[in-house]
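With mmCIF, C-alpha atoms inside, this is data07.cif:
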data_final
loop_
_atom_site.group_PDB
_atom_site.id
_atom_site.type_symbol
_atom_site.label_atom_id
_atom_site.label_comp_id
_atom_site.auth_asym_id
_atom_site.auth_seq_id
_atom_site.Cartn_x
_atom_site.Cartn_y
_atom_site.Cartn_z
ATOM 1 C CA MET A 3 0.000 0.000 0.000
ATOM 2 C CA THR A 4 1.341 3.411 -0.909
ATOM 3 C CA GLU A 5 1.612 6.279 1.557
ATOM 4 C CA ARG A 6 -1.190 8.004 -0.353
ATOM 5 C CA ASP A 7 -3.390 4.923 0.077
ATOM 6 C CA ARG A 8 -2.518 4.700 3.769
ATOM 7 C CA ALA A 9 -3.615 8.307 4.258
ATOM 8 C CA ALA A 10 -6.916 7.670 2.458
ATOM 9 C CA VAL A 11 -7.623 4.529 4.492
ATOM 10 C CA ALA A 12 -6.771 6.324 7.728
ATOM 11 C CA ALA A 13 -9.043 9.236 6.820
ATOM 12 C CA ALA A 14 -11.940 6.905 5.995
ATOM 13 C CA GLY A 15 -11.555 4.908 9.195
ATOM 14 C CA PRO A 16 -14.052 2.075 9.773
ATOM 15 C CA ALA A 17 -16.432 3.581 7.208
ATOM 16 C CA ILE A 18 -14.214 2.210 4.455
ATOM 17 C CA LEU A 19 -15.808 -1.198 5.071
ATOM 18 C CA GLY A 20 -19.370 0.105 4.756
ATOM 19 C CA PRO A 21 -19.916 -0.077 0.991
ATOM 20 C CA GLY A 22 -18.535 -3.575 0.610
ATOM 21 C CA TRP A 23 -19.591 -6.825 2.187
ATOM 22 C CA THR A 24 -17.016 -9.227 3.501
ATOM 23 C CA GLY A 25 -17.417 -12.268 5.693
ATOM 24 C CA ASP A 26 -18.167 -15.937 5.742
ATOM 25 C CA ALA A 27 -21.065 -17.530 3.878
ATOM 26 C CA ALA A 28 -23.496 -17.033 6.765
ATOM 27 C CA ALA A 29 -22.675 -13.322 7.093
ATOM 28 C CA ILE A 30 -23.019 -12.665 3.367
ATOM 29 C CA GLY A 31 -26.226 -14.700 3.214
ATOM 30 C CA ALA A 32 -27.671 -12.643 6.067
ATOM 31 C CA ARG A 33 -26.747 -9.386 4.312
ATOM 32 C CA LEU A 34 -28.391 -10.612 1.101
ATOM 33 C CA ASP A 35 -31.539 -11.561 3.018
ATOM 34 C CA GLU A 36 -31.636 -8.149 4.726
ATOM 35 C CA ALA A 37 -31.198 -6.391 1.399
ATOM 36 C CA GLY A 38 -34.018 -8.400 -0.134
ATOM 37 C CA GLN A 39 -36.325 -7.618 2.761
ATOM 38 C CA ALA A 40 -35.506 -3.935 2.280
ATOM 39 C CA GLY A 41 -36.650 -4.132 -1.342
ATOM 40 C CA ILE A 42 -33.280 -4.521 -3.054
ATOM 41 C CA THR A 43 -33.724 -6.595 -6.197
ATOM 42 C CA GLU A 44 -30.168 -6.542 -7.581
ATOM 43 C CA VAL A 45 -26.668 -6.709 -6.173
ATOM 44 C CA VAL A 46 -23.335 -6.096 -7.850
ATOM 45 C CA TYR A 47 -20.820 -8.806 -7.122
ATOM 46 C CA VAL A 48 -17.160 -8.348 -8.020
ATOM 47 C CA PRO A 49 -15.061 -11.419 -7.259
ATOM 48 C CA SER A 50 -11.366 -10.796 -6.732
ATOM 49 C CA GLY A 51 -8.226 -12.507 -5.613
ATOM 50 C CA SER A 52 -6.293 -15.395 -7.043
ATOM 51 C CA ASP A 53 -9.244 -17.818 -7.230
ATOM 52 C CA VAL A 54 -12.054 -16.017 -9.035
ATOM 53 C CA ALA A 55 -13.708 -19.289 -10.060
ATOM 54 C CA GLY A 56 -13.761 -20.392 -6.416
ATOM 55 C CA GLU A 57 -15.171 -17.022 -5.348
ATOM 56 C CA LEU A 58 -17.963 -17.324 -7.937
ATOM 57 C CA LYS A 59 -18.776 -20.840 -6.749
ATOM 58 C CA ALA A 60 -18.867 -19.740 -3.104
ATOM 59 C CA PHE A 61 -21.161 -16.822 -3.908
ATOM 60 C CA ALA A 62 -23.489 -19.050 -5.923
ATOM 61 C CA GLU A 63 -23.799 -21.390 -2.935
ATOM 62 C CA VAL A 64 -24.824 -18.482 -0.677
ATOM 63 C CA TRP A 65 -27.247 -16.895 -3.110
#
Mind converting the file's structure to structure tokens?
Amino acid sequence: MTERDRAAVAAAGPAILGPGWTGDAAAIGARLDEAGQAGITEVVYVPSGSDVAGELKAFAEVW
């Protein structure tokens, strides 16, 4: 991480985690359920990391 990135992360504080969802299958499943109950009909999922195929499979199992 660059010094510029460090400054941005420090300035954002815990709020930097707000827009994204991270967690185990149960946590993500719960967030999806909550979103659906709130009327959300679509989510944007962006898999990342070295095992994108595995990430897609894991998300499909939760959804």
Check your understanding: atom CA of A:Gly56 and atom CA of A:Asp7 are how many Å apart?
Key -> 28.1 Å
Practice item. Mind checking which residues fall within 12 Å of A:Val46, counting all atoms listed in the file, ignoring those fewer than 6 positions away in the same chain, and posting them as a PyMOL selection string? Key: chain A and resi 21-23+34+61
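If you look at atom CA of A:Ile30 and atom CA of A:Val45, they are 11.8 Å away from each other.
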Check your understanding: By how many Å are atom CA of A:Gly51 and atom CA of A:Thr24 apart?
Key -> 13.1 Å
**Study point:** Residue nearest A:Pro49 - candidates A:Ala13, A:Ala37, A:Ala62, A:Met3, atoms counted: all atoms listed in the file
**Key:** A:Ala62
Review point. Around (-24.2, -15.1, -0.5) in the file's own coordinates, what residues are found within 9 Å if you use all atoms listed in the file, given back as a list in words?
Key: Asp26, Ala27, Ala28, Ala29, Ile30, Gly31, Ala32, Arg33, Leu34, Asp35, Ala60, Phe61, Ala62, Glu63, Val64 and Trp65 of chain A
